[in-house]
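The file coords.csv contains CSV, C-alpha atoms:
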```
chain,number,residue,atom,x,y,z
N,228,MET,CA,9.4,-18.0,-16.6
N,229,LYS,CA,7.8,-15.0,-18.3
N,230,THR,CA,5.8,-12.7,-16.0
N,231,LYS,CA,2.1,-13.1,-16.6
N,232,LEU,CA,0.6,-12.0,-13.2
N,233,ILE,CA,1.3,-8.9,-11.2
N,234,ILE,CA,0.1,-8.9,-7.6
N,235,PHE,CA,0.1,-5.4,-6.0
N,236,ASP,CA,-0.1,-4.3,-2.5
N,237,PHE,CA,-2.5,-1.4,-2.0
N,238,ASP,CA,-1.6,1.0,0.9
N,239,GLY,CA,1.6,2.8,0.1
N,240,THR,CA,1.9,1.1,-3.3
N,241,LEU,CA,-1.1,2.1,-5.3
N,242,GLY,CA,-3.0,4.3,-2.9
N,243,ASP,CA,-1.6,7.2,-0.8
N,244,THR,CA,-3.4,6.3,2.4
N,245,ARG,CA,-0.7,7.1,4.9
N,246,ARG,CA,-2.4,10.3,6.2
N,247,ASN,CA,-5.8,8.4,6.5
N,248,ILE,CA,-4.2,5.5,8.4
N,249,VAL,CA,-2.0,7.5,10.7
N,250,THR,CA,-4.7,10.1,11.5
N,251,THR,CA,-7.3,7.4,12.2
N,252,MET,CA,-4.9,5.4,14.3
N,253,GLN,CA,-4.0,8.4,16.5
N,254,MET,CA,-7.7,9.3,16.8
N,255,THR,CA,-8.4,5.7,17.9
N,256,ILE,CA,-5.6,5.8,20.4
N,257,ALA,CA,-6.9,9.2,21.8
N,258,GLU,CA,-10.5,8.0,22.0
N,259,LEU,CA,-9.5,4.8,23.9
N,260,LYS,CA,-7.1,6.8,26.2
N,261,LEU,CA,-4.1,4.8,25.2
N,262,PRO,CA,-0.5,6.2,25.4
N,263,THR,CA,0.2,8.4,22.3
N,264,ARG,CA,2.2,7.1,19.4
N,265,SER,CA,4.1,9.2,16.8
N,266,ASP,CA,3.3,9.4,13.1
N,267,ASP,CA,6.3,7.2,12.3
N,268,GLU,CA,5.4,4.6,15.0
N,269,CYS,CA,1.9,4.4,13.5
N,270,ALA,CA,3.1,4.3,9.9
N,271,SER,CA,5.6,1.5,10.7
N,272,THR,CA,2.7,-0.9,11.2
N,273,ILE,CA,1.1,-0.3,7.8
N,274,GLY,CA,0.9,-3.6,5.9
N,275,LEU,CA,0.0,-5.6,9.0
N,276,PRO,CA,-3.5,-6.8,9.6
N,277,LEU,CA,-5.4,-4.3,11.7
N,278,ALA,CA,-5.3,-6.3,14.9
N,279,GLY,CA,-1.6,-6.8,14.3
N,280,CYS,CA,-1.0,-3.0,14.0
N,281,PHE,CA,-2.4,-2.4,17.5
N,282,LYS,CA,-0.6,-5.4,18.9
N,283,ALA,CA,2.7,-4.1,17.6
N,284,LEU,CA,2.0,-0.7,19.1
N,285,PHE,CA,0.6,-2.0,22.4
N,286,PRO,CA,2.0,-5.5,23.0
N,287,ASP,CA,0.5,-5.7,26.6
N,288,LEU,CA,-3.1,-5.2,25.5
N,289,ARG,CA,-5.4,-8.2,25.9
N,290,ASP,CA,-7.1,-9.8,22.9
N,291,GLU,CA,-10.5,-8.2,23.7
N,292,GLU,CA,-8.8,-4.8,24.0
N,293,ILE,CA,-7.1,-5.3,20.6
N,294,GLN,CA,-10.5,-6.1,19.1
N,295,CYS,CA,-11.9,-2.9,20.6
N,296,CYS,CA,-9.1,-0.9,19.0
N,297,ALA,CA,-9.8,-2.5,15.6
N,298,ASP,CA,-13.5,-1.9,15.8
N,299,THR,CA,-13.0,1.7,16.8
N,300,TYR,CA,-10.4,2.2,14.0
N,301,ARG,CA,-12.8,0.9,11.4
N,302,ARG,CA,-15.6,3.3,12.5
N,303,ILE,CA,-13.3,6.3,12.6
N,304,PHE,CA,-11.6,5.4,9.2
N,305,ASP,CA,-15.0,5.4,7.5
N,306,GLU,CA,-15.9,8.7,9.0
N,307,ASN,CA,-12.5,10.2,8.0
N,308,LEU,CA,-12.9,9.1,4.4
N,309,LYS,CA,-15.5,11.9,4.0
N,310,ALA,CA,-12.8,14.5,4.7
N,311,ILE,CA,-9.6,12.8,3.8
N,312,ILE,CA,-10.0,11.3,0.4
N,313,PRO,CA,-7.1,8.9,-0.6
N,314,GLN,CA,-5.6,9.4,-4.0
N,315,PRO,CA,-3.5,7.1,-6.2
N,316,PHE,CA,0.2,7.8,-6.4
N,317,PRO,CA,1.5,9.6,-9.5
N,318,LYS,CA,1.4,7.5,-12.7
N,319,VAL,CA,-0.5,4.6,-10.9
N,320,ALA,CA,-3.7,4.7,-13.0
N,321,GLU,CA,-1.9,5.2,-16.3
N,322,THR,CA,0.6,2.4,-15.6
N,323,LEU,CA,-2.1,0.0,-14.5
N,324,PHE,CA,-4.2,0.6,-17.6
N,325,ALA,CA,-1.1,0.2,-19.8
N,326,LEU,CA,-0.2,-3.1,-18.2
N,327,LYS,CA,-3.7,-4.4,-18.6
N,328,LYS,CA,-3.6,-3.4,-22.3
N,329,LYS,CA,-0.4,-5.3,-22.7
N,330,GLY,CA,-2.1,-8.5,-21.5
N,331,PHE,CA,-0.8,-8.8,-17.9
N,332,THR,CA,-3.3,-10.1,-15.3
N,333,LEU,CA,-3.4,-7.6,-12.4
N,334,THR,CA,-4.6,-8.4,-8.8
N,335,ILE,CA,-4.3,-6.9,-5.4
N,336,ALA,CA,-3.3,-8.6,-2.1
N,337,SER,CA,-3.9,-6.3,0.8
N,338,SER,CA,-3.9,-6.4,4.6
N,339,ARG,CA,-7.0,-4.2,4.8
N,340,SER,CA,-10.5,-5.6,4.8
N,341,LYS,CA,-12.0,-6.7,1.5
N,342,ALA,CA,-14.9,-4.3,1.8
N,343,SER,CA,-12.6,-1.3,2.4
N,344,LEU,CA,-10.3,-2.4,-0.5
N,345,VAL,CA,-13.2,-2.7,-3.0
N,346,GLU,CA,-14.5,0.8,-2.0
N,347,LEU,CA,-11.1,2.5,-2.3
N,348,VAL,CA,-10.2,0.9,-5.6
N,349,ARG,CA,-13.6,1.8,-7.0
N,350,ASP,CA,-13.3,5.4,-5.8
N,351,MET,CA,-9.9,5.8,-7.4
N,352,GLY,CA,-11.3,4.7,-10.7
N,353,ILE,CA,-9.0,1.7,-11.2
N,354,SER,CA,-11.4,-1.2,-10.5
N,355,ASP,CA,-11.5,-2.3,-14.2
N,356,CYS,CA,-7.7,-3.0,-14.1
N,357,PHE,CA,-8.0,-5.9,-11.7
N,358,SER,CA,-9.1,-9.5,-12.1
N,359,LEU,CA,-9.1,-10.2,-8.4
N,360,LEU,CA,-8.9,-8.4,-5.0
N,361,ILE,CA,-7.7,-10.3,-1.9
N,362,GLY,CA,-8.4,-8.7,1.5
N,363,ALA,CA,-7.4,-9.6,5.0
N,364,ASN,CA,-10.6,-11.5,5.6
N,365,ASP,CA,-9.9,-13.7,2.5
N,366,VAL,CA,-6.9,-15.5,4.1
N,367,GLU,CA,-6.1,-17.1,7.4
N,368,ASN,CA,-2.4,-16.2,7.3
N,369,ALA,CA,-1.4,-12.6,6.7
N,370,LYS,CA,1.8,-11.3,5.1
N,371,PRO,CA,4.7,-12.2,5.1
N,372,ASN,CA,3.1,-15.7,4.9
N,373,PRO,CA,2.8,-16.7,1.2
N,374,GLU,CA,-0.9,-17.5,1.5
N,375,PRO,CA,-2.2,-14.3,-0.1
N,376,VAL,CA,-0.1,-15.0,-3.2
N,377,LEU,CA,-1.0,-18.7,-3.3
N,378,LYS,CA,-4.7,-17.9,-2.7
N,379,THR,CA,-4.6,-15.4,-5.6
N,380,ILE,CA,-3.1,-18.0,-8.0
N,381,GLU,CA,-5.5,-20.7,-6.8
N,382,MET,CA,-8.6,-18.5,-7.3
N,383,LEU,CA,-7.4,-17.2,-10.7
N,384,ASN,CA,-6.9,-20.8,-11.9
N,385,GLN,CA,-10.3,-21.8,-10.7
N,386,LEU,CA,-11.8,-18.9,-12.7
N,387,LEU,CA,-9.8,-19.9,-15.7
N,388,SER,CA,-10.9,-23.5,-15.5
N,389,LYS,CA,-14.5,-22.5,-15.6
N,390,CYS,CA,-13.9,-20.7,-18.9
N,391,LEU,CA,-12.5,-23.8,-20.6
N,392,ILE,CA,-14.9,-25.4,-23.1
N,393,ASP,CA,-14.3,-29.0,-22.2
N,394,GLU,CA,-11.8,-31.4,-20.5
N,395,ARG,CA,-9.8,-31.9,-23.7
N,396,GLN,CA,-9.3,-28.2,-24.0
N,397,ALA,CA,-8.2,-28.0,-20.4
N,398,LEU,CA,-5.6,-30.6,-21.0
N,399,GLU,CA,-4.3,-29.0,-24.2
N,400,GLN,CA,-4.2,-25.4,-22.9
N,401,GLY,CA,-3.6,-25.9,-19.2
N,402,ASP,CA,-0.1,-24.6,-19.3
N,403,ILE,CA,-1.1,-21.6,-21.3
N,404,LEU,CA,-4.2,-20.6,-19.3
N,405,HIS,CA,-3.1,-21.5,-15.8
N,406,PHE,CA,-0.8,-19.4,-13.6
N,407,LYS,CA,2.2,-20.6,-11.7
N,408,THR,CA,4.0,-18.9,-8.9
N,409,GLY,CA,7.1,-18.5,-11.0
N,410,GLN,CA,5.1,-16.3,-13.4
N,411,ALA,CA,4.0,-13.9,-10.7
N,412,LEU,CA,5.6,-10.6,-9.7
N,413,VAL,CA,4.7,-9.1,-6.3
N,414,VAL,CA,4.9,-5.3,-6.1
N,415,GLY,CA,4.8,-3.6,-2.6
N,416,ASP,CA,6.3,-0.9,-0.4
N,417,MET,CA,7.0,-2.9,2.7
N,418,ALA,CA,9.3,-5.7,3.7
N,419,VAL,CA,6.3,-7.9,4.4
N,420,ASP,CA,5.2,-7.6,0.8
N,421,ILE,CA,8.6,-8.7,-0.5
N,422,LEU,CA,8.9,-11.6,2.0
N,423,MET,CA,5.4,-12.8,1.1
N,424,GLY,CA,6.3,-12.9,-2.6
N,425,ALA,CA,9.6,-14.6,-1.9
N,426,ASN,CA,8.1,-17.1,0.4
N,427,ALA,CA,5.6,-18.1,-2.4
N,428,GLY,CA,8.4,-18.4,-5.0
N,429,ALA,CA,7.4,-15.3,-6.9
N,430,LYS,CA,9.7,-12.4,-8.1
N,431,THR,CA,9.4,-9.2,-6.1
N,432,CYS,CA,9.6,-5.5,-6.8
N,433,GLY,CA,9.9,-2.9,-4.0
N,434,VAL,CA,8.5,0.6,-4.5
N,435,THR,CA,10.4,3.4,-2.8
N,436,TRP,CA,7.6,6.0,-2.5
N,437,GLY,CA,5.6,4.2,0.1
N,438,ASN,CA,5.9,3.5,3.8
N,439,GLY,CA,9.1,1.3,3.8
N,440,SER,CA,12.6,2.5,3.1
N,441,ARG,CA,14.8,1.5,0.3
N,442,GLU,CA,17.1,-0.2,2.8
N,443,GLU,CA,14.3,-2.2,4.3
N,444,LEU,CA,13.2,-3.4,0.9
N,445,GLN,CA,16.8,-4.3,0.0
N,446,GLN,CA,17.3,-6.2,3.2
N,447,ALA,CA,14.0,-8.1,2.6
N,448,GLY,CA,15.6,-9.3,-0.7
N,449,ALA,CA,13.6,-7.4,-3.3
N,450,ASP,CA,14.6,-8.6,-6.8
N,451,TYR,CA,13.9,-5.1,-8.2
N,452,LEU,CA,13.4,-1.6,-6.9
N,453,ILE,CA,11.6,1.3,-8.7
N,454,ASP,CA,11.3,5.0,-7.8
N,455,ASN,CA,8.3,5.8,-10.0
N,456,MET,CA,5.3,3.7,-11.0
N,457,ASP,CA,5.9,4.0,-14.8
N,458,GLU,CA,9.3,2.4,-14.4
N,459,LEU,CA,7.4,-0.9,-13.9
N,460,LEU,CA,6.4,-0.9,-17.6
N,461,GLU,CA,10.0,-0.7,-18.7
N,462,MET,CA,11.2,-3.1,-16.1
N,463,ILE,CA,8.7,-5.8,-16.8
N,464,SER,CA,9.1,-5.7,-20.6
```
Would you write the structure of this file as structure tokens?
Amino acid sequence: MKTKLIIFDFDGTLGDTRRNIVTTMQMTIAELKLPTRSDDECASTIGLPLAGCFKALFPDLRDEEIQCCADTYRRIFDENLKAIIPQPFPKVAETLFALKKKGFTLTIASSRSKASLVELVRDMGISDCFSLLIGANDVENAKPNPEPVLKTIEMLNQLLSKCLIDERQALEQGDILHFKTGQALVVGDMAVDILMGANAGAKTCGVTWGNGSREELQQAGADYLIDNMDELLEMIS
């Protein structure tokens, strides 16, 4: 099927938030007097839900301690945004606007909270490119579960159905106006993004400038790999 929908990851794919995340994680660990973790150890958890990040770093912590880590992280992250302002990766904004102009529907499926995602996308000046944003609190099952992709398609189709004039038009144009998983491309920098897309039946594209390595993306089964954001325009056409 022809690609109509592109579902992007955010951290490490669109937004260069590695410094924010790693710094905040290490400050959280220090404040809670937990054993130190290196930059690479912290970065390796990017893409997981926040509680999952700390569970991966400290598997022996109890659930209430994990929740304390997550709450502390959120507070410190908001404070750090005043000093460490995330930026989009090179060619991200230009490519997103070009894709939208070509008629592709663009969305984001992220493991960060919806409120944080909305704020970062707005501050980067790319909000107008997206038809839908899915955050961690919008789904019950996080990446690599396919739910974020399936939820995206379900919500888009509901929005499209509301735009139809009558039931007859819905029947006549349903195939045109409704999305299917085979028409979706998932773009991300981590293995969990690729696996999420594959598990949903979508095509997948790994980006090599983020937090996952080329080898990890290949091993996850990425259908495509790109080294620069503007390569997506050529690849998808």
What is the distance between CA of Leu452 (chain N) and CA of Leu359 (chain N), in Å to one decimal?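 Atom-to-atom, CA of Leu452 (chain N) to CA of Leu359 (chain N), that is 24.1 Å.
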With only C-alpha atoms as the basis for distance, which of N:Asn372, N:Thr322, N:Thr435, N:Thr379 is at the shortest distance from Asp457 (chain N)? N:Thr322
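The smallest atom-to-atom distance between Ser354 (chain N) and any of N:Ile335, N:Gly433, N:Pro317, N:Leu308, using all atoms listed in the file, is found for N:Ile335.
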Distance query 12 Å from (-0.8, -5.7, -20.6) using all atoms listed in the file, result as a ChimeraX atom specification: /N:230-233,321-333,356-357,459-460,463-464
Counting all atoms listed in the file, which of N:Asp355, N:Glu268, N:Glu258, N:Glu381 gets nearest to Cys280 (chain N)?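 Among N:Asp355, N:Glu268, N:Glu258, N:Glu381, it is N:Glu268 that comes nearest to Cys280 (chain N).
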